[in-house]
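**Student:** Contents of entry_10.pdb (PDB, C-alpha atoms, pLDDT in the B column) are below:
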MODEL        1
ATOM      1  CA  MET A1389       1.089   5.364   4.231  1.00 88.00           C
ATOM      2  CA  CYS A1390       4.619   6.740   4.763  1.00 80.00           C
ATOM      3  CA  GLY A1391       5.266   6.480   8.481  1.00 79.00           C
ATOM      4  CA  GLY A1392       6.817   3.084   9.224  1.00 78.00           C
ATOM      5  CA  LYS A1393      10.451   2.626  10.212  1.00 72.00           C
ATOM      6  CA  GLY A1394      11.112  -0.035   7.571  1.00 72.00           C
ATOM      7  CA  THR A1395      13.325  -1.984   9.975  1.00 76.00           C
ATOM      8  CA  ARG A1396      13.463  -5.047   7.709  1.00 77.00           C
ATOM      9  CA  LEU A1397      15.067  -2.866   5.039  1.00 71.00           C
ATOM     10  CA  ARG A1398      18.020  -1.759   7.147  1.00 79.00           C
ATOM     11  CA  PRO A1399      20.594  -0.417   6.465  1.00 79.00           C
ATOM     12  CA  TYR A1400      18.816   1.396   3.587  1.00 72.00           C
ATOM     13  CA  THR A1401      16.185   2.836   5.917  1.00 75.00           C
ATOM     14  CA  LYS A1402      18.384   3.733   8.857  1.00 82.00           C
ATOM     15  CA  ASN A1403      18.089   7.450   8.095  1.00 81.00           C
ATOM     16  CA  LEU A1404      15.454   7.505   5.366  1.00 83.00           C
ATOM     17  CA  PRO A1405      11.731   6.626   5.214  1.00 86.00           C
ATOM     18  CA  LYS A1406      11.157   3.572   3.039  1.00 86.00           C
ATOM     19  CA  PRO A1407       8.980   5.412   0.457  1.00 88.00           C
ATOM     20  CA  LEU A1408      11.911   7.736  -0.318  1.00 89.00           C
ATOM     21  CA  LEU A1409      14.264   4.958  -1.427  1.00 85.00           C
ATOM     22  CA  LEU A1410      15.268   5.382  -5.057  1.00 85.00           C
ATOM     23  CA  VAL A1411      13.576   3.254  -7.718  1.00 84.00           C
ATOM     24  CA  ASN A1412      14.542   3.990 -11.305  1.00 83.00           C
ATOM     25  CA  LYS A1413      16.547   7.001 -10.043  1.00 85.00           C
ATOM     26  CA  LYS A1414      13.549   8.620  -8.332  1.00 88.00           C
ATOM     27  CA  PRO A1415      12.108   8.331  -4.826  1.00 90.00           C
ATOM     28  CA  PHE A1416       9.546   5.528  -4.867  1.00 88.00           C
ATOM     29  CA  LEU A1417       6.962   7.964  -3.509  1.00 90.00           C
ATOM     30  CA  SER A1418       7.300  10.058  -6.684  1.00 90.00           C
ATOM     31  CA  HIS A1419       5.973   7.169  -8.758  1.00 87.00           C
ATOM     32  CA  LEU A1420       2.972   6.740  -6.456  1.00 89.00           C
ATOM     33  CA  ILE A1421       2.087  10.440  -6.366  1.00 91.00           C
ATOM     34  CA  ASN A1422       2.535  10.991 -10.101  1.00 89.00           C
ATOM     35  CA  LYS A1423       0.131   8.130 -10.798  1.00 87.00           C
ATOM     36  CA  VAL A1424      -2.778   9.910  -9.110  1.00 87.00           C
ATOM     37  CA  ILE A1425      -2.069  13.629  -8.714  1.00 86.00           C
ATOM     38  CA  LYS A1426      -3.297  14.602 -12.193  1.00 81.00           C
ATOM     39  CA  LEU A1427      -6.552  12.674 -11.972  1.00 85.00           C
ATOM     40  CA  ARG A1428      -9.530  15.005 -12.143  1.00 81.00           C
ATOM     41  CA  ASN A1429     -11.364  13.398  -9.230  1.00 82.00           C
ATOM     42  CA  VAL A1430      -8.368  13.512  -6.830  1.00 87.00           C
ATOM     43  CA  ASP A1431      -8.598  16.722  -4.809  1.00 89.00           C
ATOM     44  CA  LYS A1432      -5.815  16.016  -2.309  1.00 91.00           C
ATOM     45  CA  ILE A1433      -3.072  13.578  -1.396  1.00 93.00           C
ATOM     46  CA  ILE A1434      -2.333  13.001   2.293  1.00 93.00           C
ATOM     47  CA  LEU A1435       1.087  11.590   3.107  1.00 93.00           C
ATOM     48  CA  ALA A1436       0.623   9.918   6.489  1.00 90.00           C
ATOM     49  CA  GLY A1437       4.103  10.146   7.964  1.00 86.00           C
ATOM     50  CA  GLY A1438       5.914   9.331  11.175  1.00 85.00           C
ATOM     51  CA  PHE A1439       9.517   8.138  10.975  1.00 83.00           C
ATOM     52  CA  LYS A1440      11.812  10.925   9.659  1.00 86.00           C
ATOM     53  CA  VAL A1441       8.733  12.886   8.592  1.00 87.00           C
ATOM     54  CA  GLN A1442      10.756  16.029   7.917  1.00 90.00           C
ATOM     55  CA  LYS A1443      12.425  14.228   5.028  1.00 91.00           C
ATOM     56  CA  ILE A1444       8.973  13.590   3.579  1.00 90.00           C
ATOM     57  CA  ARG A1445       8.248  17.323   3.859  1.00 91.00           C
ATOM     58  CA  ASP A1446      11.571  18.194   2.215  1.00 91.00           C
ATOM     59  CA  PHE A1447      10.790  15.748  -0.584  1.00 91.00           C
ATOM     60  CA  VAL A1448       7.404  17.388  -1.269  1.00 90.00           C
ATOM     61  CA  LYS A1449       8.995  20.830  -1.278  1.00 90.00           C
ATOM     62  CA  LYS A1450      11.697  19.776  -3.720  1.00 89.00           C
ATOM     63  CA  GLU A1451       9.830  17.416  -6.053  1.00 88.00           C
ATOM     64  CA  PHE A1452       6.371  18.997  -6.055  1.00 88.00           C
ATOM     65  CA  ARG A1453       7.147  22.583  -5.037  1.00 84.00           C
ATOM     66  CA  ASN A1454       4.751  22.391  -2.109  1.00 71.00           C
ATOM     67  CA  ASN A1455       1.801  21.516  -4.350  1.00 81.00           C
ATOM     68  CA  LYS A1456      -1.302  22.520  -2.394  1.00 83.00           C
ATOM     69  CA  LYS A1457      -2.913  19.189  -3.199  1.00 88.00           C
ATOM     70  CA  ILE A1458      -0.321  17.413  -1.048  1.00 91.00           C
ATOM     71  CA  ILE A1459      -0.645  17.393   2.747  1.00 90.00           C
ATOM     72  CA  VAL A1460       1.959  15.842   5.054  1.00 91.00           C
ATOM     73  CA  LYS A1461       0.562  14.554   8.361  1.00 90.00           C
ATOM     74  CA  ASN A1462       2.787  13.414  11.227  1.00 91.00           C
ATOM     75  CA  SER A1463       1.322  10.775  13.569  1.00 88.00           C
ATOM     76  CA  GLY A1464       4.562   9.423  15.004  1.00 86.00           C
ATOM     77  CA  GLU A1465       5.065   5.702  15.602  1.00 88.00           C
ATOM     78  CA  VAL A1466       1.515   4.338  15.399  1.00 89.00           C
ATOM     79  CA  ASP A1467      -0.660   1.744  13.644  1.00 92.00           C
ATOM     80  CA  ILE A1468      -1.995   2.449  10.146  1.00 93.00           C
ATOM     81  CA  ILE A1469      -5.513   2.944  11.509  1.00 94.00           C
ATOM     82  CA  LYS A1470      -4.298   5.810  13.709  1.00 94.00           C
ATOM     83  CA  ARG A1471      -2.681   7.483  10.699  1.00 93.00           C
ATOM     84  CA  ILE A1472      -6.015   7.352   8.862  1.00 94.00           C
ATOM     85  CA  GLN A1473      -7.820   8.690  11.921  1.00 94.00           C
ATOM     86  CA  ASP A1474      -5.374  11.605  12.155  1.00 93.00           C
ATOM     87  CA  ALA A1475      -5.806  12.324   8.452  1.00 93.00           C
ATOM     88  CA  SER A1476      -9.605  12.150   8.642  1.00 93.00           C
ATOM     89  CA  LYS A1477     -10.083  15.880   9.225  1.00 91.00           C
ATOM     90  CA  HIS A1478      -8.700  16.453   5.728  1.00 93.00           C
ATOM     91  CA  ILE A1479     -10.932  13.801   4.138  1.00 93.00           C
ATOM     92  CA  THR A1480     -14.144  15.278   2.737  1.00 90.00           C
ATOM     93  CA  ASN A1481     -14.915  12.757  -0.024  1.00 91.00           C
ATOM     94  CA  ASP A1482     -14.513   9.061  -0.783  1.00 93.00           C
ATOM     95  CA  PHE A1483     -10.852   8.141  -0.417  1.00 94.00           C
ATOM     96  CA  MET A1484      -8.073   5.709  -1.296  1.00 93.00           C
ATOM     97  CA  VAL A1485      -5.492   4.213   1.077  1.00 94.00           C
ATOM     98  CA  CYS A1486      -2.185   3.162  -0.503  1.00 92.00           C
ATOM     99  CA  TYR A1487       0.871   1.517   0.998  1.00 91.00           C
ATOM    100  CA  GLY A1488       4.048   3.546   0.620  1.00 87.00           C
ATOM    101  CA  ASP A1489       6.094   0.556  -0.514  1.00 87.00           C
ATOM    102  CA  THR A1490       3.786  -0.904  -3.191  1.00 88.00           C
ATOM    103  CA  PHE A1491       3.121   0.214  -6.769  1.00 87.00           C
ATOM    104  CA  ALA A1492       0.581  -1.512  -9.010  1.00 90.00           C
ATOM    105  CA  ASP A1493       0.233  -0.608 -12.681  1.00 90.00           C
ATOM    106  CA  ILE A1494      -3.562  -0.525 -12.593  1.00 92.00           C
ATOM    107  CA  ASP A1495      -5.885   1.852 -14.420  1.00 91.00           C
ATOM    108  CA  ILE A1496      -6.929   4.088 -11.519  1.00 91.00           C
ATOM    109  CA  LYS A1497      -9.712   5.774 -13.514  1.00 90.00           C
ATOM    110  CA  LYS A1498     -11.405   2.467 -14.334  1.00 91.00           C
ATOM    111  CA  TYR A1499     -10.897   1.255 -10.773  1.00 92.00           C
ATOM    112  CA  ILE A1500     -12.594   4.340  -9.317  1.00 90.00           C
ATOM    113  CA  TYR A1501     -15.407   4.025 -11.879  1.00 89.00           C
ATOM    114  CA  ARG A1502     -16.051   0.456 -10.742  1.00 90.00           C
ATOM    115  CA  PHE A1503     -16.068   1.575  -7.116  1.00 91.00           C
ATOM    116  CA  ASN A1504     -18.503   4.410  -7.825  1.00 89.00           C
ATOM    117  CA  LYS A1505     -20.945   1.984  -9.436  1.00 88.00           C
ATOM    118  CA  THR A1506     -21.075  -0.041  -6.197  1.00 82.00           C
ATOM    119  CA  SER A1507     -20.201   2.598  -3.611  1.00 67.00           C
ATOM    120  CA  ASN A1508     -21.828   0.672  -0.762  1.00 79.00           C
ATOM    121  CA  PHE A1509     -18.785  -1.608  -0.994  1.00 90.00           C
ATOM    122  CA  SER A1510     -15.128  -0.944  -0.228  1.00 94.00           C
ATOM    123  CA  TYR A1511     -12.457  -2.239  -2.601  1.00 94.00           C
ATOM    124  CA  VAL A1512      -8.918  -3.635  -2.424  1.00 94.00           C
ATOM    125  CA  VAL A1513      -6.489  -4.656  -5.166  1.00 94.00           C
ATOM    126  CA  GLY A1514      -4.823  -8.069  -5.105  1.00 92.00           C
ATOM    127  CA  SER A1515      -2.623 -10.170  -7.366  1.00 90.00           C
ATOM    128  CA  MET A1516      -1.823 -13.846  -7.688  1.00 85.00           C
ATOM    129  CA  TYR A1517       1.710 -14.487  -6.507  1.00 80.00           C
ATOM    130  CA  GLN A1518       4.206 -16.994  -7.840  1.00 74.00           C
ATOM    131  CA  MET A1519       6.689 -18.091  -5.218  1.00 75.00           C
ATOM    132  CA  LYS A1520      10.391 -17.530  -5.907  1.00 74.00           C
ATOM    133  CA  TYR A1521      11.291 -21.019  -4.761  1.00 74.00           C
ATOM    134  CA  GLY A1522      10.060 -24.549  -5.324  1.00 83.00           C
ATOM    135  CA  THR A1523       8.183 -26.296  -2.512  1.00 81.00           C
ATOM    136  CA  ILE A1524       8.357 -29.803  -1.067  1.00 82.00           C
ATOM    137  CA  LYS A1525       5.504 -31.963   0.225  1.00 83.00           C
ATOM    138  CA  TYR A1526       6.466 -34.621   2.735  1.00 79.00           C
ATOM    139  CA  ILE A1527       5.036 -37.181   5.157  1.00 80.00           C
ATOM    140  CA  ASN A1528       5.087 -35.541   8.577  1.00 75.00           C
ATOM    141  CA  LYS A1529       6.458 -38.239  10.873  1.00 74.00           C
ATOM    142  CA  LYS A1530       8.731 -40.098   8.481  1.00 75.00           C
ATOM    143  CA  MET A1531      10.003 -36.946   6.729  1.00 81.00           C
ATOM    144  CA  ILE A1532       9.726 -38.764   3.418  1.00 82.00           C
ATOM    145  CA  VAL A1533       9.368 -36.497   0.395  1.00 83.00           C
ATOM    146  CA  LYS A1534       6.116 -36.998  -1.550  1.00 78.00           C
ATOM    147  CA  ASN A1535       6.583 -34.515  -4.392  1.00 82.00           C
ATOM    148  CA  PHE A1536       8.020 -31.217  -5.570  1.00 80.00           C
ATOM    149  CA  LYS A1537       6.320 -28.130  -6.986  1.00 81.00           C
ATOM    150  CA  GLU A1538       8.439 -25.734  -9.013  1.00 79.00           C
ATOM    151  CA  LYS A1539       7.681 -22.115  -7.979  1.00 77.00           C
ATOM    152  CA  PRO A1540       3.927 -22.610  -7.442  1.00 75.00           C
ATOM    153  CA  ILE A1541       1.351 -19.841  -7.506  1.00 79.00           C
ATOM    154  CA  ILE A1542      -0.079 -19.482  -4.009  1.00 76.00           C
ATOM    155  CA  LYS A1543      -3.781 -20.163  -3.561  1.00 81.00           C
ATOM    156  CA  ASP A1544      -4.856 -16.744  -2.284  1.00 85.00           C
ATOM    157  CA  PRO A1545      -3.970 -13.394  -3.898  1.00 89.00           C
ATOM    158  CA  ILE A1546      -1.624 -11.049  -2.076  1.00 84.00           C
ATOM    159  CA  ASN A1547      -2.797  -7.678  -0.760  1.00 89.00           C
ATOM    160  CA  LEU A1548      -1.496  -4.769  -2.874  1.00 91.00           C
ATOM    161  CA  GLY A1549      -3.521  -2.115  -1.082  1.00 89.00           C
ATOM    162  CA  TYR A1550      -5.143   0.638  -3.165  1.00 93.00           C
ATOM    163  CA  PHE A1551      -8.147   0.467  -0.846  1.00 95.00           C
ATOM    164  CA  LEU A1552     -11.162   2.529  -1.877  1.00 94.00           C
ATOM    165  CA  PHE A1553     -13.595   3.635   0.810  1.00 95.00           C
ATOM    166  CA  ASN A1554     -16.795   5.600   1.019  1.00 92.00           C
ATOM    167  CA  LYS A1555     -16.271   8.666   3.230  1.00 91.00           C
ATOM    168  CA  GLU A1556     -19.019   7.459   5.618  1.00 92.00           C
ATOM    169  CA  ILE A1557     -16.810   4.559   6.682  1.00 94.00           C
ATOM    170  CA  LEU A1558     -14.626   6.987   8.656  1.00 94.00           C
ATOM    171  CA  ILE A1559     -17.158   6.741  11.482  1.00 93.00           C
ATOM    172  CA  LYS A1560     -16.382   3.017  11.778  1.00 94.00           C
ATOM    173  CA  ILE A1561     -12.635   3.516  11.339  1.00 95.00           C
ATOM    174  CA  MET A1562     -12.571   5.832  14.358  1.00 95.00           C
ATOM    175  CA  LYS A1563     -13.683   2.920  16.580  1.00 94.00           C
ATOM    176  CA  PHE A1564     -10.681   0.671  15.844  1.00 95.00           C
ATOM    177  CA  LYS A1565      -7.145   0.540  17.195  1.00 94.00           C
ATOM    178  CA  LYS A1566      -5.677  -1.898  14.667  1.00 95.00           C
ATOM    179  CA  TRP A1567      -5.834  -1.711  10.854  1.00 94.00           C
ATOM    180  CA  VAL A1568      -5.932  -5.486  10.486  1.00 93.00           C
ATOM    181  CA  ASN A1569      -8.873  -5.752  12.903  1.00 95.00           C
ATOM    182  CA  PHE A1570     -10.804  -3.165  10.900  1.00 94.00           C
ATOM    183  CA  LEU A1571     -10.161  -5.044   7.649  1.00 94.00           C
ATOM    184  CA  GLU A1572     -11.210  -8.350   9.214  1.00 94.00           C
ATOM    185  CA  LYS A1573     -14.442  -6.789  10.459  1.00 93.00           C
ATOM    186  CA  LEU A1574     -15.112  -5.289   7.039  1.00 93.00           C
ATOM    187  CA  ALA A1575     -14.516  -8.659   5.373  1.00 92.00           C
ATOM    188  CA  LYS A1576     -16.853 -10.430   7.793  1.00 92.00           C
ATOM    189  CA  SER A1577     -19.580  -7.926   6.937  1.00 91.00           C
ATOM    190  CA  LYS A1578     -19.136  -8.899   3.264  1.00 92.00           C
ATOM    191  CA  LYS A1579     -18.660  -5.268   2.304  1.00 91.00           C
ATOM    192  CA  LEU A1580     -15.131  -5.541   0.895  1.00 93.00           C
ATOM    193  CA  LYS A1581     -14.665  -6.425  -2.772  1.00 92.00           C
ATOM    194  CA  LEU A1582     -11.472  -7.607  -4.433  1.00 92.00           C
ATOM    195  CA  LEU A1583     -10.056  -6.542  -7.785  1.00 92.00           C
ATOM    196  CA  ILE A1584      -7.476  -9.077  -8.960  1.00 92.00           C
ATOM    197  CA  THR A1585      -5.008  -7.539 -11.381  1.00 90.00           C
ATOM    198  CA  ASN A1586      -2.581  -9.246 -13.719  1.00 89.00           C
ATOM    199  CA  LYS A1587      -0.697  -6.007 -14.279  1.00 89.00           C
ATOM    200  CA  LYS A1588       2.864  -5.652 -13.042  1.00 86.00           C
ATOM    201  CA  TYR A1589       3.460  -4.462  -9.499  1.00 86.00           C
ATOM    202  CA  PHE A1590       6.449  -3.633  -7.344  1.00 81.00           C
ATOM    203  CA  SER A1591       6.781  -4.030  -3.603  1.00 80.00           C
ATOM    204  CA  PHE A1592       9.775  -4.253  -1.312  1.00 78.00           C
ATOM    205  CA  ASP A1593      10.100  -5.294   2.306  1.00 75.00           C
ATOM    206  CA  ASN A1594      13.734  -6.393   2.647  1.00 77.00           C
ATOM    207  CA  PRO A1595      17.127  -5.587   1.068  1.00 78.00           C
ATOM    208  CA  THR A1596      16.897  -8.463  -1.424  1.00 76.00           C
ATOM    209  CA  GLU A1597      13.514  -7.300  -2.760  1.00 76.00           C
ATOM    210  CA  TYR A1598      14.735  -3.714  -2.940  1.00 76.00           C
ATOM    211  CA  LYS A1599      17.801  -4.673  -4.975  1.00 76.00           C
ATOM    212  CA  GLU A1600      15.519  -6.529  -7.387  1.00 75.00           C
ATOM    213  CA  ILE A1601      13.309  -3.516  -8.128  1.00 74.00           C
ATOM    214  CA  LYS A1602      15.498  -0.439  -7.644  1.00 76.00           C
ATOM    215  CA  ASN A1603      16.323  -0.258 -11.364  1.00 73.00           C
ATOM    216  CA  LYS A1604      12.856  -1.204 -12.595  1.00 66.00           C
ATOM    217  CA  THR A1605      11.175   1.102 -15.117  1.00 60.00           C
TER     218      THR A1605
ENDMDL
END
So, in terms of structure tokens, how does the structure I just supplied come out?

**Tutor:**
Amino acid sequence: MCGGKGTRLRPYTKNLPKPLLLVNKKPFLSHLINKVIKLRNVDKIILAGGFKVQKIRDFVKKEFRNNKKIIVKNSGEVDIIKRIQDASKHITNDFMVCYGDTFADIDIKKYIYRFNKTSNFSYVVGSMYQMKYGTIKYINKKMIVKNFKEKPIIKDPINLGYFLFNKEILIKIMKFKKWVNFLEKLAKSKKLKLLITNKKYFSFDNPTEYKEIKNKT
């Protein structure tokens, strides 16, 4: 997913799509593509663009010499679900949906193998998250502090993306207008499994987070 405006990352994203911001001296999107492009069971990569999509095309031309595996699709300013719908004509097999601002150091081969063993389920990758700050518990009305917790790990894992779907699910995806509504429906049907990873991951949604990871290796 490469189409959002990344408004919370301004000024870095004023004239550049968020996935093209440099991390370890390379566009972040390079790291994502290089992780999957050489896998034997990946026949194509669809970059679902919108904001400044021509810069995505220029990036592919420069970094990957217009590799025929890579398709750039322009949907404009739309919800994620619409980007998947627009890309659907290029999808002929089971497929993965990745966020353009999140990298997880997971073993993709093993992940796909697990999915293939239970292909009637969809999959998503999550990770337990330790807060950057301590928290305070207090008595509501009196505002009296009860206790402190130093950088606690939140109860529920965060969503890192790397969704794996059976190609037949595209029929259901075409009926939705919002990505979050589709995911909620899928969860309610108990057809979405979670892989919790303890591997490192990088994600950025604001200037502070970007500064923290831009020199990561």

**Student:** If the PyMOL selection byres ((chain A and resi 1466-1474) around 9) were run on this exact file, what residues would it hold? Put them as a short mmCIF file (atom, residue, chain, number, x, y, z; two decimals) with C-alpha atoms, in the coordinates of the input.

**Tutor:**
data_model
loop_
_atom_site.label_atom_id
_atom_site.label_comp_id
_atom_site.auth_asym_id
_atom_site.auth_seq_id
_atom_site.Cartn_x
_atom_site.Cartn_y
_atom_site.Cartn_z
CA MET A 1389 1.09 5.36 4.23
CA GLY A 1391 5.27 6.48 8.48
CA GLY A 1392 6.82 3.08 9.22
CA ALA A 1436 0.62 9.92 6.49
CA GLY A 1437 4.10 10.15 7.96
CA GLY A 1438 5.91 9.33 11.18
CA LYS A 1461 0.56 14.55 8.36
CA ASN A 1462 2.79 13.41 11.23
CA SER A 1463 1.32 10.78 13.57
CA GLY A 1464 4.56 9.42 15.00
CA GLU A 1465 5.07 5.70 15.60
CA ALA A 1475 -5.81 12.32 8.45
CA SER A 1476 -9.60 12.15 8.64
CA LYS A 1477 -10.08 15.88 9.22
CA HIS A 1478 -8.70 16.45 5.73
CA VAL A 1485 -5.49 4.21 1.08
CA LEU A 1558 -14.63 6.99 8.66
CA ILE A 1561 -12.64 3.52 11.34
CA MET A 1562 -12.57 5.83 14.36
CA PHE A 1564 -10.68 0.67 15.84
CA LYS A 1565 -7.14 0.54 17.20
CA LYS A 1566 -5.68 -1.90 14.67
CA TRP A 1567 -5.83 -1.71 10.85
CA VAL A 1568 -5.93 -5.49 10.49
CA PHE A 1570 -10.80 -3.16 10.90
#

**Student:** From (10.7, 2.6, 7.5), in the file's coordinates, out to 7 Å: which residues are reached, counting all atoms listed in the file? Answer as a CSV table (one decimal) with C-alpha atoms, in the coordinates of the input.

**Tutor:**
chain,number,residue,atom,x,y,z
A,1391,GLY,CA,5.3,6.5,8.5
A,1392,GLY,CA,6.8,3.1,9.2
A,1393,LYS,CA,10.5,2.6,10.2
A,1394,GLY,CA,11.1,0.0,7.6
A,1395,THR,CA,13.3,-2.0,10.0
A,1401,THR,CA,16.2,2.8,5.9
A,1405,PRO,CA,11.7,6.6,5.2
A,1406,LYS,CA,11.2,3.6,3.0
A,1439,PHE,CA,9.5,8.1,11.0

**Student:** Quick check, in Å to one decimal: how far apart do atom CA of Phe1553 of chain A and atom CA of Leu1571 of chain A lie?

**Tutor:**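 Straight-line distance from atom CA of Phe1553 of chain A to atom CA of Leu1571 of chain A works out to 11.6 Å.
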
**Student:** When you count only C-alpha atoms, which of these residues is closest to Val1460 of chain A: A:Ile1527, A:Ile1444, A:Val1430, A:Leu1574?

**Tutor:** A:Ile1444

**Student:** Extending 6 Å beyond the listed atoms of segment 1526-1543 of chain A on each side, what axis-aligned box results? I want centre and edge lengths in Å to one decimal, as lines of an AutoDock Vina configuration file.

**Tutor:**
center_x = 3.1
center_y = -29.8
center_z = 0.9
size_x = 25.8
size_y = 32.6
size_z = 31.9

**Student:** For a quick check of understanding, using all atoms listed in the file, which of A:Thr1490, A:Ser1510, A:Asn1412, A:Asn1603 has the smallest distance to Lys1555 of chain A?

**Tutor:** A:Ser1510

**Student:** Between atom CA of Asn1455 of chain A and atom CA of Ile1500 of chain A, what is the distance in Å, rounded to a tenth?

**Tutor:**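 It comes out at 23.0 Å.
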
**Student:** How many Å lie between atom CA of Lys1505 of chain A and atom CA of Asp1482 of chain A, rounded to one decimal?

**Tutor:**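 Distance between the two atoms: 12.9 Å.
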
**Student:** Apply the PyMOL selection byres ((chain A and resi 1503) around 12) to the file shown and report the selected residues as number ranges by chain.

**Tutor:** A: 1482-1484, 1496-1502, 1504-1513, 1550-1554, 1579-1583

**Student:** Just checking: using only C-alpha atoms, which residue out of A:Ala1575, A:Leu1435, A:Leu1427, A:Ile1459 ends up closest to Cys1486 of chain A?

**Tutor:**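 Between A:Ala1575, A:Leu1435, A:Leu1427, A:Ile1459, the residue approaching Cys1486 of chain A most closely is A:Leu1435.
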
**Student:** Please complete segment 1399-1420 of chain A so it has N, CA and C atoms, and hand it over as a CSV table (one decimal), in the coordinates of the input.

**Tutor:**
chain,number,residue,atom,x,y,z
A,1399,PRO,N,20.2,-1.8,6.0
A,1399,PRO,CA,20.6,-0.4,6.5
A,1399,PRO,C,20.0,0.7,5.6
A,1400,TYR,N,19.3,0.4,4.5
A,1400,TYR,CA,18.8,1.4,3.6
A,1400,TYR,C,17.9,2.4,4.3
A,1401,THR,N,17.2,2.0,5.3
A,1401,THR,CA,16.2,2.8,5.9
A,1401,THR,C,16.6,3.3,7.3
A,1402,LYS,N,17.9,3.3,7.6
A,1402,LYS,CA,18.4,3.7,8.9
A,1402,LYS,C,18.1,5.2,9.1
A,1403,ASN,N,18.3,6.0,8.0
A,1403,ASN,CA,18.1,7.4,8.1
A,1403,ASN,C,17.1,8.0,7.0
A,1404,LEU,N,16.3,7.1,6.5
A,1404,LEU,CA,15.5,7.5,5.4
A,1404,LEU,C,14.2,6.7,5.4
A,1405,PRO,N,13.0,7.4,5.3
A,1405,PRO,CA,11.7,6.6,5.2
A,1405,PRO,C,11.7,5.7,4.0
A,1406,LYS,N,11.2,4.5,4.1
A,1406,LYS,CA,11.2,3.6,3.0
A,1406,LYS,C,10.6,4.1,1.7
A,1407,PRO,N,9.5,4.9,1.7
A,1407,PRO,CA,9.0,5.4,0.5
A,1407,PRO,C,9.9,6.4,-0.3
A,1408,LEU,N,11.0,6.8,0.4
A,1408,LEU,CA,11.9,7.7,-0.3
A,1408,LEU,C,13.1,7.0,-0.9
A,1409,LEU,N,13.2,5.7,-0.8
A,1409,LEU,CA,14.3,5.0,-1.4
A,1409,LEU,C,14.1,5.1,-2.9
A,1410,LEU,N,15.3,5.2,-3.6
A,1410,LEU,CA,15.3,5.4,-5.1
A,1410,LEU,C,14.9,4.1,-5.8
A,1411,VAL,N,14.0,4.3,-6.8
A,1411,VAL,CA,13.6,3.3,-7.7
A,1411,VAL,C,13.6,3.9,-9.1
A,1412,ASN,N,14.4,3.4,-10.0
A,1412,ASN,CA,14.5,4.0,-11.3
A,1412,ASN,C,15.0,5.5,-11.2
A,1413,LYS,N,15.9,5.7,-10.2
A,1413,LYS,CA,16.5,7.0,-10.0
A,1413,LYS,C,15.6,8.1,-9.5
A,1414,LYS,N,14.5,7.7,-9.0
A,1414,LYS,CA,13.5,8.6,-8.3
A,1414,LYS,C,13.0,8.0,-7.0
A,1415,PRO,N,12.7,8.9,-6.0
A,1415,PRO,CA,12.1,8.3,-4.8
A,1415,PRO,C,10.8,7.5,-5.2
A,1416,PHE,N,10.7,6.4,-4.6
A,1416,PHE,CA,9.5,5.5,-4.9
A,1416,PHE,C,8.2,6.3,-4.7
A,1417,LEU,N,8.2,7.2,-3.8
A,1417,LEU,CA,7.0,8.0,-3.5
A,1417,LEU,C,6.6,8.8,-4.7
A,1418,SER,N,7.6,9.3,-5.5
A,1418,SER,CA,7.3,10.1,-6.7
A,1418,SER,C,6.4,9.3,-7.7
A,1419,HIS,N,6.7,8.0,-7.8
A,1419,HIS,CA,6.0,7.2,-8.8
A,1419,HIS,C,4.5,7.0,-8.3
A,1420,LEU,N,4.3,6.9,-7.0
A,1420,LEU,CA,3.0,6.7,-6.5
A,1420,LEU,C,2.2,8.0,-6.6
